[in-house]
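Trainee: Pasting a structure here, questions to come.
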Amino acid sequence: MSLVERDQKVIWHPYTQMKDAQTPIPIVSGAGVYLFDENGKKYIDAVSSWWVNIHGHAHPYIAAQVSLQLSELEHVIFAGFTHEPAVRLAERLLPLLPGKQEKIFYTDNGSTAVEVALKMCLQYWNNTGNKQKKKVLAFRDAYHGDTFGAMSVSGRSIFTNPFNDLLFDVEFIDLPNQNNISSLIARISGLKSELACFIFEPLILGAGGMQMYEATYLDQLLACCIENDILTIADEVMTGFGRTGTYFACEQLTHRPDIFCLSKGLTGGTMPLGVTSCNQKIFEAFLSDDKLKTLYHGHSFTANPVACAASLASLDILLAEETLMNIQRVKDQHSQFFEQIKNHPKVRSIRQTGTIIALEWETGNDTSYLSGLRDQLYNYFLTSGIILRPLGNIIYILPPYVISNEDLAYIYQTIQQALEEI
Ligand SMILES: *Cc1c(COP(=O)(O)O)cnc(C)c1O
């Protein structure tokens with residue numbers, strides 16, 4: 001039996017309608033930006049394997065560091081015990097984060113990093129005797145993950161549809177712009193006694209369609225939250241570790257959030273690990289002789305040493321001069337493509353933040369995720385040996401930073417060809 005046949009007997013794939021799904025492509029190895037299938041066909045991973053891979057596949061340095069750690073200590077319970085990789089990673093991450101972040105809480109993915117951030121904020125007000133502050137403020141098209149808390153603070157969509165009446169009530173706002181910023185600020189100020197926290201994806205809503213918005217308006221929202229005693233959570237699960245051109249998107253702001261959520265690029269995309277960091281103010285609200293003020297949260301694999309070792313190795317690479325140059329280079333290549341393609345009649349709009357470029361295909365009125373165009377585009381790129389997963393009619397490139405100019409040129413050229421042929 002082939003691998004695909006065996007897969008179809010036993011596997012249920014994520015985000016996949018299993019009734020009529022295309023057969024999955026068996027991948028046997030990776031190197032740099034390439035993935036190879038069992039027939040030796042090469043694919044350029046232009047979406048960094050769901051936005052996690054920043055330094056390329058099967059990176060020898062990360063592999064070596066992981067292997068060392070694995071033979072030293074693979075895992076240990078993290079309540080009552082500690083280990084060098086977890087402490088070292090926290091020591092290195094905290095000064096790198098914008099603002100004054102003081103403590104790291106480990107989990108194992110982006111959704112759970114968000115769950116912890118929400119619990120920190122909601123319990124903060126509980127612990128400090130402000131029990132009426134229990135509502136979360138979020139963007140209408142946000143995506144913060146797939147567990148129930150993370151789903152609740154994400155936009156309502158076809159993904160959340162079966163669960164909508166079970167999700168907790170959230171105050172949703174539109175992305176800020178010049179026209180609506182004053183009314184958003186007025187609305188937030190009016191709700192100050194109820195709002196516990198504001199969670200946001202800085203500069204770009206990822207799964208919500210790569211929607212980009214300006215730092216200055218986000219800064220104004222943060223200023224409003226600070227003034228009105230509303231805690232702030234930057235969900236940098238997608239934007240962290242160089243994706244937007246700076247190490248963290250929040251470096252492009254003047255105000256600093258209380259909490260950061262990190263995952264995806266944290267381990268260089270090699271292993272699951274999540275981080276929720278917080279400032280001293282949050283941490284101190286949990287210090288008490290009253291046991292009920294404890295943050296009762298943890299996961300079996302909290303602070304897995306092997307995942308921490310992968311993150312330390314990934315940080316070494318991220319902080320190297322060569323990686324900064326690669327990030328800048330990818331940015332510049334995208335900008336040139338932007339200029340080249342922006343007036344194409346089939347391009348409704350095009351936008352770029354750092355190493356991410358997204359273009360919206362002109363479709364008339366049909367913009368649904370389920371539209372045939374999405375699958376047509378997906379297959380067109382696959383046939384050309386490029387992995388791109390359009391979000392509805394939005395095509396985006398979000399590559400590992402090591403991608404060469406030649407491979408970028410090939411992707412741009414294939415997109416241009418698609419614009420002519422589809
Ligand atoms: C992917 C993502 C998450 C969820 O992370 P998982 O590891 O997939 O659970 C949360 N927030 C943002 C902004 C993301 O892009």
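In the structure tokens, chains take the letters A, B, ... in the order shown, each chain's residues start at 1, and ligands count up from 1 in the order shown.
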Could you give me the residues within 10 Å of ligand 1, counting only C-alpha atoms and all ligand atoms, as number ranges by chain?
Mentor: A: 50-52, 108-115, 142-147, 150-151, 154, 200-202, 204-208, 234-240, 261-265, 272-274
Trainee: Give me a file of those residues, with C-alpha atoms, as a PDB file, in the first residue's frame.
Mentor:
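Final file, result39.pdb:
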```
ATOM      1  CA  TRP A  50       2.249  27.502   8.009  1.00  0.00           C
ATOM      2  CA  TRP A  51       4.491  30.454   8.936  1.00  0.00           C
ATOM      3  CA  VAL A  52       6.769  28.602  11.332  1.00  0.00           C
ATOM      4  CA  ASP A 108       3.554  24.381  23.665  1.00  0.00           C
ATOM      5  CA  ASN A 109       1.830  26.288  20.851  1.00  0.00           C
ATOM      6  CA  GLY A 110       0.391  29.647  19.832  1.00  0.00           C
ATOM      7  CA  SER A 111      -3.172  28.934  20.961  1.00  0.00           C
ATOM      8  CA  THR A 112      -2.093  27.954  24.468  1.00  0.00           C
ATOM      9  CA  ALA A 113       0.232  30.982  24.653  1.00  0.00           C
ATOM     10  CA  VAL A 114      -2.912  33.039  23.985  1.00  0.00           C
ATOM     11  CA  GLU A 115      -4.957  31.098  26.561  1.00  0.00           C
ATOM     12  CA  ALA A 142      -8.475  38.632  14.327  1.00  0.00           C
ATOM     13  CA  TYR A 143      -7.106  35.114  14.496  1.00  0.00           C
ATOM     14  CA  HIS A 144      -5.610  33.993  17.820  1.00  0.00           C
ATOM     15  CA  GLY A 145      -5.871  30.205  17.630  1.00  0.00           C
ATOM     16  CA  ASP A 146      -8.222  27.246  17.735  1.00  0.00           C
ATOM     17  CA  THR A 147      -8.727  26.404  21.426  1.00  0.00           C
ATOM     18  CA  ALA A 150      -8.380  31.722  21.569  1.00  0.00           C
ATOM     19  CA  MET A 151     -11.385  31.053  19.316  1.00  0.00           C
ATOM     20  CA  SER A 154     -10.900  35.563  17.215  1.00  0.00           C
ATOM     21  CA  PHE A 200      -4.192  42.280  19.011  1.00  0.00           C
ATOM     22  CA  GLU A 201      -1.984  41.047  16.200  1.00  0.00           C
ATOM     23  CA  PRO A 202       0.387  43.994  15.684  1.00  0.00           C
ATOM     24  CA  ILE A 204      -0.961  42.567  10.341  1.00  0.00           C
ATOM     25  CA  LEU A 205      -3.903  40.214  10.840  1.00  0.00           C
ATOM     26  CA  GLY A 206      -2.535  36.912   9.522  1.00  0.00           C
ATOM     27  CA  ALA A 207      -5.242  34.298   9.048  1.00  0.00           C
ATOM     28  CA  GLY A 208      -7.807  37.122   8.770  1.00  0.00           C
ATOM     29  CA  ALA A 234       0.490  41.584  21.671  1.00  0.00           C
ATOM     30  CA  ASP A 235      -0.085  38.308  19.855  1.00  0.00           C
ATOM     31  CA  GLU A 236       3.240  38.072  17.984  1.00  0.00           C
ATOM     32  CA  VAL A 237       2.830  34.364  17.249  1.00  0.00           C
ATOM     33  CA  MET A 238       3.077  35.097  13.525  1.00  0.00           C
ATOM     34  CA  THR A 239       4.891  38.458  13.518  1.00  0.00           C
ATOM     35  CA  GLY A 240       7.680  37.553  15.957  1.00  0.00           C
ATOM     36  CA  CYS A 261       2.504  35.700  22.937  1.00  0.00           C
ATOM     37  CA  LEU A 262       5.128  33.877  20.871  1.00  0.00           C
ATOM     38  CA  SER A 263       5.320  30.540  19.072  1.00  0.00           C
ATOM     39  CA  LYS A 264       5.692  29.612  15.356  1.00  0.00           C
ATOM     40  CA  GLY A 265       9.192  31.030  14.549  1.00  0.00           C
ATOM     41  CA  PRO A 272       6.239  23.021  19.152  1.00  0.00           C
ATOM     42  CA  LEU A 273       6.806  25.606  21.889  1.00  0.00           C
ATOM     43  CA  GLY A 274       4.837  28.593  23.129  1.00  0.00           C
TER      44      GLY A 274
END
```
Trainee: List every residue of segment 181-294 of chain A that DSSP, applied to the backbone of this structure, assigns to strand (DSSP E), and report them as a PyMOL selection string.
Mentor: chain A and resi 195-200+204-205+211-212+231-235+259-262+274-278
Trainee: For segment 248-253 of chain A, please output as a ChimeraX atom specification all residues within 6 Å (counting only C-alpha atoms; exclusion window: fewer than 6 positions along the same chain).
Mentor: /A:98,215,240-241
Trainee: Keeping only N, CA, C and O atoms, write the selected residues as a CSV table (one decimal), in the first residue's frame.
Mentor:
```
chain,number,residue,atom,x,y,z
A,98,PRO,N,10.4,44.1,23.1
A,98,PRO,CA,10.3,45.6,23.4
A,98,PRO,C,9.6,45.9,24.7
A,98,PRO,O,8.6,45.2,25.1
A,215,ALA,N,1.0,51.5,12.2
A,215,ALA,CA,1.5,51.5,13.6
A,215,ALA,C,0.9,52.7,14.4
A,215,ALA,O,0.6,52.6,15.6
A,240,GLY,N,6.4,37.6,15.2
A,240,GLY,CA,7.7,37.6,16.0
A,240,GLY,C,8.9,37.0,15.2
A,240,GLY,O,8.7,36.4,14.1
A,241,PHE,N,10.1,37.3,15.6
A,241,PHE,CA,11.3,36.8,15.1
A,241,PHE,C,11.6,37.2,13.7
A,241,PHE,O,12.0,36.4,12.8
```
Trainee: Using only C-alpha atoms, determine which residues lie at most 8 Å from segment 299-316 of chain A, disregarding the query and same-chain residues fewer than 2 positions distant; provide the list as an MDAnalysis selection string.
Mentor: chainID A and resid 55 61:63 65:66 69:70 73:78 83 85:86 88:89 106:108 266:268 270:273 297 318:320
Trainee: Go through A:Asn393, A:Asn379, A:Ser277, A:Gln417 one by one, measure the shortest atom-to-atom distance of each to Ile341 of chain A using only C-alpha atoms, and give the residue with the smallest value.
Mentor: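 Closest to Ile341 of chain A, using only C-alpha atoms: A:Gln417.
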Trainee: With distances taken over only C-alpha atoms, which of A:Asn326, A:Thr232, A:Asn177, A:Thr276 is nearest to Leu122 of chain A?
Mentor: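 The closest residue to Leu122 of chain A is A:Thr232.
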Trainee: Residues at most 10 Å from Gln280 of chain A, counting only C-alpha atoms, excluding those fewer than 5 positions away in the same chain, as a PDB file with N, CA, C and O atoms, in the first residue's frame?
Mentor:
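Once everything was written out, this is out.pdb:
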```pdb
ATOM      1  N   LYS A 100       9.601  46.469  28.958  1.00  0.00           N
ATOM      2  CA  LYS A 100      10.284  45.824  30.069  1.00  0.00           C
ATOM      3  C   LYS A 100       9.532  44.560  30.438  1.00  0.00           C
ATOM      4  O   LYS A 100       8.668  44.566  31.302  1.00  0.00           O
ATOM      5  N   GLN A 101       9.841  43.475  29.744  1.00  0.00           N
ATOM      6  CA  GLN A 101       9.219  42.190  30.037  1.00  0.00           C
ATOM      7  C   GLN A 101      10.064  41.472  31.086  1.00  0.00           C
ATOM      8  O   GLN A 101      11.291  41.450  30.999  1.00  0.00           O
ATOM      9  N   GLU A 102       9.396  40.885  32.082  1.00  0.00           N
ATOM     10  CA  GLU A 102      10.142  40.367  33.239  1.00  0.00           C
ATOM     11  C   GLU A 102      10.067  38.859  33.437  1.00  0.00           C
ATOM     12  O   GLU A 102      10.940  38.272  34.052  1.00  0.00           O
ATOM     13  N   LYS A 103       8.972  38.234  32.972  1.00  0.00           N
ATOM     14  CA  LYS A 103       8.816  36.804  33.234  1.00  0.00           C
ATOM     15  C   LYS A 103       8.340  36.069  31.993  1.00  0.00           C
ATOM     16  O   LYS A 103       7.568  36.610  31.184  1.00  0.00           O
ATOM     17  N   ASP A 258       1.620  44.900  27.756  1.00  0.00           N
ATOM     18  CA  ASP A 258       1.941  44.247  29.032  1.00  0.00           C
ATOM     19  C   ASP A 258       2.397  42.809  28.815  1.00  0.00           C
ATOM     20  O   ASP A 258       3.165  42.279  29.616  1.00  0.00           O
ATOM     21  N   ALA A 285       0.692  40.834  40.595  1.00  0.00           N
ATOM     22  CA  ALA A 285      -0.716  40.688  41.002  1.00  0.00           C
ATOM     23  C   ALA A 285      -1.037  39.239  41.393  1.00  0.00           C
ATOM     24  O   ALA A 285      -2.115  38.958  41.924  1.00  0.00           O
TER      25      ALA A 285
END
```
Trainee: Would you kindly return, as a list in words, each protein, DNA or RNA residue with an atom no farther than 10 Å from any atom of Pro24 of chain A, considering only C-alpha atoms and excluding same-chain residues fewer than 3 positions away?
Mentor: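 In the requested format, the answer is Leu3, Val4, Glu5, Asp7, Gln8, His13, Ala21 and Ile27 of chain A.
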Trainee: Check segment 79-259 of chain A with DSSP on the backbone and list each residue it calls helix (DSSP H, G or I), as an mmCIF file with C-alpha atoms, in the first residue's frame.
Mentor:
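Okay, this is what ended up in states-v7.cif:
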```cif
data_model
loop_
_atom_site.group_PDB
_atom_site.id
_atom_site.type_symbol
_atom_site.label_atom_id
_atom_site.label_comp_id
_atom_site.auth_asym_id
_atom_site.auth_seq_id
_atom_site.Cartn_x
_atom_site.Cartn_y
_atom_site.Cartn_z
ATOM 1 C CA GLU A 84 19.358 25.272 31.798
ATOM 2 C CA PRO A 85 17.679 25.526 28.332
ATOM 3 C CA ALA A 86 14.447 27.025 29.789
ATOM 4 C CA VAL A 87 16.286 29.533 31.977
ATOM 5 C CA ARG A 88 18.788 30.454 29.266
ATOM 6 C CA LEU A 89 16.029 30.979 26.690
ATOM 7 C CA ALA A 90 14.082 33.233 29.080
ATOM 8 C CA GLU A 91 17.283 35.184 29.843
ATOM 9 C CA ARG A 92 17.838 35.754 26.139
ATOM 10 C CA LEU A 93 14.219 36.454 25.115
ATOM 11 C CA LEU A 94 13.284 38.986 27.787
ATOM 12 C CA PRO A 95 15.818 41.678 26.818
ATOM 13 C CA LEU A 96 15.012 41.156 23.147
ATOM 14 C CA GLY A 110 0.391 29.647 19.832
ATOM 15 C CA SER A 111 -3.172 28.934 20.961
ATOM 16 C CA THR A 112 -2.093 27.954 24.468
ATOM 17 C CA ALA A 113 0.232 30.982 24.653
ATOM 18 C CA VAL A 114 -2.912 33.039 23.985
ATOM 19 C CA GLU A 115 -4.957 31.098 26.561
ATOM 20 C CA VAL A 116 -2.333 31.868 29.210
ATOM 21 C CA ALA A 117 -2.240 35.563 28.248
ATOM 22 C CA LEU A 118 -6.031 35.792 28.569
ATOM 23 C CA LYS A 119 -5.998 34.006 31.919
ATOM 24 C CA MET A 120 -3.222 36.293 33.173
ATOM 25 C CA CYS A 121 -5.311 39.364 32.312
ATOM 26 C CA LEU A 122 -8.682 38.088 33.530
ATOM 27 C CA GLN A 123 -7.227 36.787 36.781
ATOM 28 C CA TYR A 124 -5.179 39.984 37.206
ATOM 29 C CA TRP A 125 -8.418 41.932 37.739
ATOM 30 C CA ASN A 126 -9.846 39.166 39.888
ATOM 31 C CA ASN A 127 -6.736 39.152 42.071
ATOM 32 C CA PHE A 148 -11.906 27.792 23.003
ATOM 33 C CA GLY A 149 -10.480 30.918 24.625
ATOM 34 C CA ALA A 150 -8.380 31.722 21.569
ATOM 35 C CA MET A 151 -11.385 31.053 19.316
ATOM 36 C CA SER A 152 -13.539 33.349 21.453
ATOM 37 C CA ASN A 161 -19.477 28.687 13.185
ATOM 38 C CA PRO A 162 -20.499 25.420 14.954
ATOM 39 C CA PHE A 163 -19.313 26.819 18.305
ATOM 40 C CA ASN A 164 -20.411 30.456 18.129
ATOM 41 C CA ASP A 165 -23.011 30.269 20.945
ATOM 42 C CA LEU A 166 -20.460 28.644 23.258
ATOM 43 C CA ILE A 181 -9.771 56.195 15.267
ATOM 44 C CA SER A 182 -11.581 58.855 17.319
ATOM 45 C CA SER A 183 -14.806 56.888 17.480
ATOM 46 C CA LEU A 184 -12.883 53.717 18.457
ATOM 47 C CA ILE A 185 -11.153 55.616 21.253
ATOM 48 C CA ALA A 186 -14.464 57.042 22.463
ATOM 49 C CA ARG A 187 -16.030 53.585 22.474
ATOM 50 C CA ILE A 188 -13.123 51.976 24.359
ATOM 51 C CA SER A 189 -13.034 54.769 26.951
ATOM 52 C CA GLY A 190 -16.769 54.332 27.514
ATOM 53 C CA ALA A 215 1.488 51.490 13.604
ATOM 54 C CA THR A 216 0.408 55.053 14.456
ATOM 55 C CA TYR A 217 -3.256 54.050 14.888
ATOM 56 C CA LEU A 218 -2.363 50.971 16.903
ATOM 57 C CA ASP A 219 -0.240 53.238 19.073
ATOM 58 C CA GLN A 220 -3.257 55.451 19.660
ATOM 59 C CA LEU A 221 -5.338 52.428 20.688
ATOM 60 C CA LEU A 222 -2.592 51.340 23.087
ATOM 61 C CA ALA A 223 -2.383 54.845 24.561
ATOM 62 C CA CYS A 224 -6.140 54.745 25.097
ATOM 63 C CA CYS A 225 -5.873 51.343 26.823
ATOM 64 C CA ILE A 226 -3.063 52.545 29.079
ATOM 65 C CA GLU A 227 -5.032 55.652 30.016
ATOM 66 C CA ALA A 249 6.421 44.025 15.231
ATOM 67 C CA CYS A 250 5.898 46.008 18.463
ATOM 68 C CA GLU A 251 9.349 47.556 18.032
ATOM 69 C CA GLN A 252 7.624 49.715 15.419
#
```
Trainee: For Leu373 of chain A, list every protein, DNA or RNA residue within 9 Å, evaluated using only C-alpha atoms, and leave out those in the same chain fewer than 5 positions away; present the list as a list in words.
Mentor: Thr363, Tyr378, Gly392, Asn393 and Ile422 of chain A
